[in-house]
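Structure data follow from query_2.cif (mmCIF, C-alpha atoms and all ligand atoms):
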```
data_query
#
loop_
_atom_site.label_atom_id
_atom_site.label_comp_id
_atom_site.auth_asym_id
_atom_site.auth_seq_id
_atom_site.Cartn_x
_atom_site.Cartn_y
_atom_site.Cartn_z
CA MET L 1 -40.14 -23.58 -100.76
CA GLU L 2 -38.71 -26.91 -101.88
CA THR L 3 -40.92 -29.84 -101.04
CA GLY L 4 -40.65 -33.58 -101.14
CA ASP L 5 -42.05 -36.69 -99.56
CA LEU L 6 -42.11 -37.38 -95.85
CA VAL L 7 -41.42 -40.71 -94.18
CA ARG L 8 -43.61 -41.72 -91.22
CA PHE L 9 -42.96 -44.45 -88.65
CA ARG L 10 -43.90 -45.36 -85.10
CA HIS L 11 -41.42 -45.91 -82.29
CA CYS L 12 -41.54 -45.52 -78.51
CA GLY L 13 -45.31 -45.08 -78.82
CA ARG L 14 -44.83 -41.99 -80.92
CA THR L 15 -45.46 -41.16 -84.55
CA VAL L 16 -42.37 -39.69 -86.16
CA TYR L 17 -42.16 -37.82 -89.46
CA THR L 18 -38.83 -37.30 -91.15
CA LEU L 19 -37.17 -37.04 -94.54
CA GLY L 20 -35.00 -39.52 -96.35
CA SER L 21 -35.07 -43.14 -97.25
CA PRO L 22 -37.10 -45.62 -95.15
CA ALA L 23 -33.86 -47.60 -94.70
CA GLY L 24 -31.42 -46.38 -92.04
CA LEU L 25 -33.89 -44.42 -89.93
CA TRP L 26 -33.41 -43.89 -86.21
CA CYS L 27 -35.89 -42.87 -83.56
CA PRO L 28 -35.36 -39.33 -82.22
CA ALA L 29 -36.94 -40.32 -78.88
CA CYS L 30 -34.62 -43.21 -77.97
CA GLY L 31 -31.84 -42.88 -80.53
CA LEU L 32 -32.18 -46.49 -81.71
CA ALA L 33 -32.27 -47.61 -85.31
CA VAL L 34 -35.78 -48.32 -86.57
CA ARG L 35 -36.28 -51.95 -87.50
CA LEU L 36 -38.32 -52.55 -90.60
CA GLY L 37 -40.86 -54.75 -88.82
CA LEU L 38 -44.24 -55.33 -90.36
CA MET L 39 -46.26 -53.27 -87.89
CA GLU L 40 -44.00 -50.30 -87.60
CA ALA L 41 -42.55 -50.30 -91.10
CA PRO L 42 -41.89 -46.73 -92.25
CA VAL L 43 -44.24 -45.51 -94.93
CA ARG L 44 -43.59 -42.81 -97.47
CA ILE L 45 -46.18 -40.04 -97.42
CA ARG L 46 -46.32 -38.33 -100.76
CA ILE L 47 -46.68 -34.59 -100.97
CA PRO L 48 -50.36 -33.91 -101.80
CA LEU L 49 -49.47 -31.77 -104.82
CA ARG L 50 -49.37 -33.03 -108.41
CA ASP L 51 -48.51 -31.67 -111.83
CA GLY L 52 -51.84 -30.37 -113.09
CA HIS L 53 -50.63 -30.63 -116.69
CA ARG L 54 -50.40 -34.39 -116.28
CA THR L 55 -54.04 -34.67 -115.31
CA ALA L 56 -57.14 -35.10 -117.45
CA CYS L 57 -60.56 -33.64 -116.68
CA CYS L 58 -59.73 -32.50 -113.15
CA PHE L 59 -60.47 -29.56 -110.88
CA LEU L 60 -57.14 -27.96 -109.94
CA ILE L 61 -56.14 -25.63 -107.14
CA THR L 62 -52.81 -23.85 -107.34
CA SER L 63 -51.05 -20.88 -105.80
CA ARG L 64 -48.95 -18.15 -107.29
CA PHE L 65 -46.49 -18.70 -104.44
CA GLY L 66 -45.84 -22.35 -105.26
CA ALA L 67 -46.26 -24.89 -102.48
CA ALA L 68 -45.80 -22.21 -99.79
CA GLY L 69 -49.07 -20.66 -100.95
CA PHE L 70 -50.98 -23.60 -99.50
CA SER L 71 -49.96 -22.76 -95.96
CA GLU L 72 -52.70 -21.20 -93.86
CA GLU L 73 -51.51 -17.60 -94.07
CA ASN L 74 -51.68 -17.48 -97.86
CA GLU L 75 -54.84 -19.40 -98.61
CA SER L 76 -56.65 -16.36 -99.99
CA GLU L 77 -54.22 -16.40 -102.91
CA LEU L 78 -55.38 -19.75 -104.25
CA HIS L 79 -56.45 -19.99 -107.87
CA VAL L 80 -58.54 -22.72 -109.48
CA GLY L 81 -59.00 -24.13 -112.97
CA ILE L 82 -60.21 -27.13 -114.95
CA SER L 83 -57.94 -29.36 -117.02
CA ASN L 84 -58.96 -30.74 -120.37
CA SER L 85 -58.05 -34.27 -121.45
CA LYS L 86 -54.55 -33.15 -122.48
CA GLY L 87 -53.62 -31.28 -119.31
CA VAL L 88 -54.34 -27.80 -120.65
CA VAL L 89 -55.74 -25.78 -117.76
CA PHE L 90 -58.68 -23.45 -118.40
CA ASN L 91 -58.99 -20.73 -115.79
CA TYR L 92 -60.74 -17.40 -115.41
CA THR L 93 -58.60 -14.37 -114.59
CA GLU L 94 -58.80 -10.61 -114.85
CA SER L 95 -57.61 -10.93 -118.45
CA GLY L 96 -60.39 -13.36 -119.31
CA ILE L 97 -60.11 -17.11 -119.80
CA ARG L 98 -56.57 -18.47 -120.03
CA CYS L 99 -55.73 -21.90 -121.45
CA GLN L 100 -52.38 -22.75 -119.90
CA GLN L 101 -49.88 -25.46 -120.66
CA GLN L 102 -47.63 -24.43 -117.80
CA GLY L 103 -47.89 -22.84 -114.39
CA TRP L 104 -49.97 -25.57 -112.69
CA GLU L 105 -47.10 -27.91 -111.86
CA GLN L 106 -47.89 -27.79 -108.14
CA SER L 107 -51.60 -28.31 -107.81
CA ILE L 108 -54.12 -29.98 -105.58
CA VAL L 109 -55.93 -32.30 -107.98
CA ILE L 110 -59.59 -33.25 -107.67
CA PRO L 111 -60.66 -35.81 -110.29
CA LEU L 112 -64.07 -35.01 -111.75
CA VAL L 113 -64.64 -38.16 -113.75
CA ALA L 114 -65.18 -41.61 -112.31
CA PRO L 115 -62.76 -44.13 -113.89
CA SER L 116 -65.80 -46.16 -115.02
CA ASN L 117 -67.04 -43.17 -116.98
CA ASP L 118 -63.69 -42.38 -118.60
CA SER L 119 -63.52 -43.11 -122.32
CA LEU L 120 -62.12 -41.52 -125.44
CA SER L 121 -65.55 -40.26 -126.48
CA PHE L 122 -66.15 -38.82 -123.02
CA ARG L 123 -62.82 -36.98 -123.15
CA MET L 124 -63.55 -35.57 -126.58
CA LEU L 125 -66.92 -34.34 -125.40
CA TRP L 126 -65.35 -32.85 -122.26
CA ASP L 127 -62.79 -30.90 -124.30
CA GLU L 128 -65.45 -29.64 -126.67
CA GLN L 129 -67.72 -28.54 -123.81
CA LEU L 130 -64.86 -26.85 -121.97
CA GLU L 131 -63.86 -24.86 -125.04
CA THR L 132 -67.40 -23.83 -125.83
CA TYR L 133 -68.12 -22.91 -122.25
CA SER L 134 -64.94 -20.80 -122.02
CA ARG L 135 -66.07 -18.72 -124.97
CA LEU L 136 -69.30 -17.60 -123.30
CA ASN L 137 -69.68 -13.86 -122.75
CA THR L 138 -69.88 -14.45 -119.02
CA TRP L 139 -66.12 -14.94 -118.75
CA THR L 140 -64.75 -11.77 -120.33
CA ALA L 141 -62.05 -9.60 -118.79
CA ALA L 142 -64.51 -6.76 -118.38
CA ARG L 143 -66.83 -8.85 -116.27
CA PHE L 144 -64.14 -10.24 -114.00
CA GLN L 145 -64.54 -7.49 -111.38
CA GLU L 146 -68.28 -7.79 -111.54
CA GLN L 147 -67.98 -11.53 -110.99
CA ARG L 148 -65.54 -11.01 -108.16
CA GLU L 149 -68.02 -8.81 -106.33
CA PHE L 150 -70.35 -11.75 -106.22
CA GLY L 151 -67.54 -13.91 -104.89
CA SER L 152 -67.29 -15.84 -108.13
CA CYS L 153 -64.27 -15.22 -110.40
CA CYS L 154 -62.07 -18.29 -110.99
CA TYR L 155 -64.07 -20.53 -108.68
CA GLY L 156 -67.33 -19.42 -110.26
CA PHE L 157 -66.10 -20.41 -113.71
CA ALA L 158 -64.83 -23.82 -112.63
CA LEU L 159 -67.88 -24.74 -110.58
CA SER L 160 -70.40 -23.55 -113.12
CA PHE L 161 -68.61 -25.61 -115.78
CA ILE L 162 -68.92 -28.68 -113.54
CA ASN L 163 -72.63 -27.95 -113.12
CA HIS L 164 -72.98 -27.44 -116.87
CA VAL L 165 -71.60 -30.94 -117.45
CA MET L 166 -73.82 -32.39 -114.69
CA LYS L 167 -76.86 -30.80 -116.30
CA GLU L 168 -75.94 -32.28 -119.70
CA GLU L 169 -75.75 -35.66 -117.98
CA GLY L 170 -79.15 -35.10 -116.35
CA LYS L 171 -77.69 -34.80 -112.87
CA GLN L 172 -78.51 -32.36 -110.07
CA PRO L 173 -76.15 -29.39 -109.74
CA ILE L 174 -73.79 -29.22 -106.79
CA SER L 175 -73.90 -26.11 -104.61
CA ARG L 176 -70.83 -24.00 -103.96
CA GLU L 177 -71.10 -24.75 -100.23
CA ARG L 178 -71.26 -28.50 -100.76
CA PHE L 179 -68.45 -28.59 -103.33
CA THR L 180 -66.29 -26.49 -101.03
CA SER L 181 -66.92 -28.51 -97.88
CA GLN L 182 -66.90 -31.94 -99.53
CA TYR L 183 -64.08 -31.60 -102.07
CA ILE L 184 -62.03 -28.45 -101.50
CA LEU L 185 -61.59 -28.01 -97.76
CA PRO L 186 -60.51 -31.57 -96.88
CA ARG L 187 -57.74 -31.31 -99.47
CA THR L 188 -56.55 -27.77 -98.76
CA GLU L 189 -56.51 -28.58 -95.03
CA ALA L 190 -54.56 -31.81 -95.58
CA THR L 191 -52.09 -29.96 -97.80
CA SER L 192 -51.68 -27.20 -95.27
CA ARG L 193 -51.08 -29.79 -92.48
CA TYR L 194 -48.59 -31.67 -94.64
CA LEU L 195 -46.65 -28.50 -95.39
CA SER L 196 -46.48 -27.38 -91.77
CA VAL L 197 -45.13 -30.82 -90.75
CA TYR L 198 -42.73 -30.65 -93.69
CA GLN L 199 -41.46 -27.21 -92.67
CA HIS L 200 -40.96 -28.41 -89.10
CA VAL L 201 -39.01 -31.44 -90.38
CA CYS L 202 -36.80 -29.21 -92.54
CA GLN L 203 -35.94 -27.04 -89.55
CA HIS L 204 -35.58 -29.70 -86.84
CA GLY L 205 -34.88 -32.93 -88.72
CA HIS L 206 -38.07 -34.63 -87.53
CA TYR L 207 -41.59 -34.04 -86.22
CA MET L 208 -42.98 -36.17 -83.42
CA THR L 209 -46.50 -36.64 -82.10
CA GLY L 210 -47.71 -38.58 -79.07
CA ASP L 211 -46.44 -38.52 -75.47
CA GLY L 212 -44.71 -41.86 -75.42
CA ASP L 213 -47.54 -43.64 -73.57
CA GLY L 214 -49.49 -44.44 -76.71
CA PRO L 215 -49.95 -47.93 -78.17
ZN ZN M 301 -37.73 -45.03 -80.05
#
```

Rewrite the coordinates I just gave you, this time as structure tokens.
Ligand SMILES: [Zn+2]
Amino acid sequence: METGDLVRFRHCGRTVYTLGSPAGLWCPACGLAVRLGLMEAPVRIRIPLRDGHRTACCFLITSRFGAAGFSEENESELHVGISNSKGVVFNYTESGIRCQQQGWEQSIVIPLVAPSNDSLSFRMLWDEQLETYSRLNTWTAARFQEQREFGSCCYGFALSFINHVMKEEGKQPISRERFTSQYILPRTEATSRYLSVYQHVCQHGHYMTGDGDGP
């Protein structure tokens, strides 16, 4: 599935999503050209996927099916990892820990470091901790199935690394439930919504919401 950015504008009391440049748009409800007025100026909505190898110190979610894997039907196939400061993605699989420099080009990206906390020394420490943590006996190929039975596997590795760093910083650990509901679900749901609108736009040229009586 090829993906790109959507353009959103309001006309006839409706919200319209389409593809293309914000200049030269027309409203599918009334057929008129859309004027680039201040209030209803079209805005570009960027696809919520980024190149994970261009991130530093982030939690990444990707899919073996590319962008299509983020649609609702395929969500069980999602895979997660942690990037180091150079965009190398550490992730736990059935062959143990992989450190990948490719394969995460279409990822949901969750930054783990506040910009105020980001420094060269922090990044060096992060990389060192990530490498050390990856070498622990917990993350061997042989134990992958065992981990999976406890619902852990790739997510278990990523989250326990985050909690390892929090502990080093003297912070309280974050539970799986809280991390999932606060950080993961809002983003996977937004991505899934984006992609279903995008697919509709590809098939029909536009996607419209509202009944025409709106503001
Ligand atoms: Zn219109």

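Across the structure, atom CA of Val113 of chain L and atom CA of Arg135 of chain L are spaced 22.5 Å apart.
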
> Which is closer to Pro111 of chain L than all the others in L:Arg98, L:Thr55, L:Thr138, L:Leu78, using only C-alpha atoms?
Replying inline: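 Ranking L:Arg98, L:Thr55, L:Thr138, L:Leu78 by distance to Pro111 of chain L, first place goes to L:Thr55.
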
>> Report, in Å to a single decimal, how far apart atom CA of Cys153 of chain L and atom CA of Pro186 of chain L are.
In response: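 Value for the atom CA of Pro186 of chain L-atom CA of Cys153 of chain L distance: 21.5 Å.
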
> Which residue gives the smallest distance to Phe70 of chain L among L:Asn91, L:Pro48, L:Arg143, L:Leu6, with only C-alpha atoms counted?
Replying inline: L:Pro48

>> So, with only C-alpha atoms as the atoms that count, which of L:Val165, L:Val43, L:Val16, L:Ala29 lies closest to Glu128 of chain L?
In response: L:Val165

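With all atoms listed in the file as the atoms that count, the set of residues no farther than 6 Å from ligand ZN 301 (chain M) is His11, Cys12, Cys27, Ala29, Cys30 and Leu32 of chain L.
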
Give me the segment 34-116 of chain L side of the contact with segment 193-213 of chain L, cut-off 10 Å, one line per residue showing its nearest atom pair and distance in Å at one decimal, counting only C-alpha atoms, sorted by chain and residue number, as CSV.
```
residue,atom,partner,partner_atom,distance
L:Ile45,CA,L:Tyr194,CA,9.1
L:Arg46,CA,L:Tyr194,CA,9.3
L:Ile47,CA,L:Tyr194,CA,7.2
L:Pro48,CA,L:Tyr194,CA,7.7
L:Ala67,CA,L:Leu195,CA,8.0
L:Ala68,CA,L:Leu195,CA,7.7
L:Gly69,CA,L:Leu195,CA,9.9
L:Phe70,CA,L:Leu195,CA,7.7
L:Ser71,CA,L:Leu195,CA,6.7
L:Glu72,CA,L:Arg193,CA,8.8
```

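For the pair atom CA of Tyr92 of chain L and atom CA of Tyr183 of chain L, the interatomic distance is 19.8 Å.
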
>> I want to know what sits within 9 Å of segment 158-161 of chain L, based on all atoms listed in the file, with residues of the same chain fewer than 4 positions away left out; could you give that as a PyMOL selection string?
In response: chain L and resi 59+80-82+90-92+129-130+133-134+153-154+165-166+173-176+179

Please produce a file of the residues just selected, as a compact mmCIF listing (two decimals), in the frame of the given file, where the atoms kept are C-alpha atoms.
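Result file again-v4.txt:
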```txt
# COMPACT_ATOMS: atom_id res chain seq x y z
CA PHE L 59 -60.47 -29.56 -110.88
CA VAL L 80 -58.54 -22.72 -109.48
CA GLY L 81 -59.00 -24.13 -112.97
CA ILE L 82 -60.21 -27.13 -114.95
CA PHE L 90 -58.68 -23.45 -118.40
CA ASN L 91 -58.99 -20.73 -115.79
CA TYR L 92 -60.74 -17.40 -115.41
CA GLN L 129 -67.72 -28.54 -123.81
CA LEU L 130 -64.86 -26.85 -121.97
CA TYR L 133 -68.12 -22.91 -122.25
CA SER L 134 -64.94 -20.80 -122.02
CA CYS L 153 -64.27 -15.22 -110.40
CA CYS L 154 -62.07 -18.29 -110.99
CA VAL L 165 -71.60 -30.94 -117.45
CA MET L 166 -73.82 -32.39 -114.69
CA PRO L 173 -76.15 -29.39 -109.74
CA ILE L 174 -73.79 -29.22 -106.79
CA SER L 175 -73.90 -26.11 -104.61
CA ARG L 176 -70.83 -24.00 -103.96
CA PHE L 179 -68.45 -28.59 -103.33
```

>> Under the rule that only C-alpha atoms are counted, which of L:Asp5, L:Asp51, L:Glu177, L:Glu169 is the nearest residue to Pro22 of chain L?
In response: L:Asp5

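Counting all atoms listed in the file and comparing L:Ile162, L:Ile184, L:Ala142, L:Ala33, the residue that lies closest to Thr93 of chain L is L:Ala142.
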
> Using all atoms listed in the file, which of the listed residues (L:Arg64, L:Cys57, L:Thr180, L:Ser21) sits closest to Ser119 of chain L?
Replying inline: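 The closest residue to Ser119 of chain L is L:Cys57.
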
>> Just want the 8 Å neighbourhood of Ala141 of chain L, counted on only C-alpha atoms, with same-chain residues fewer than 4 positions away dropped. Output as an NGL selection string.
In response: :L and (93-97)
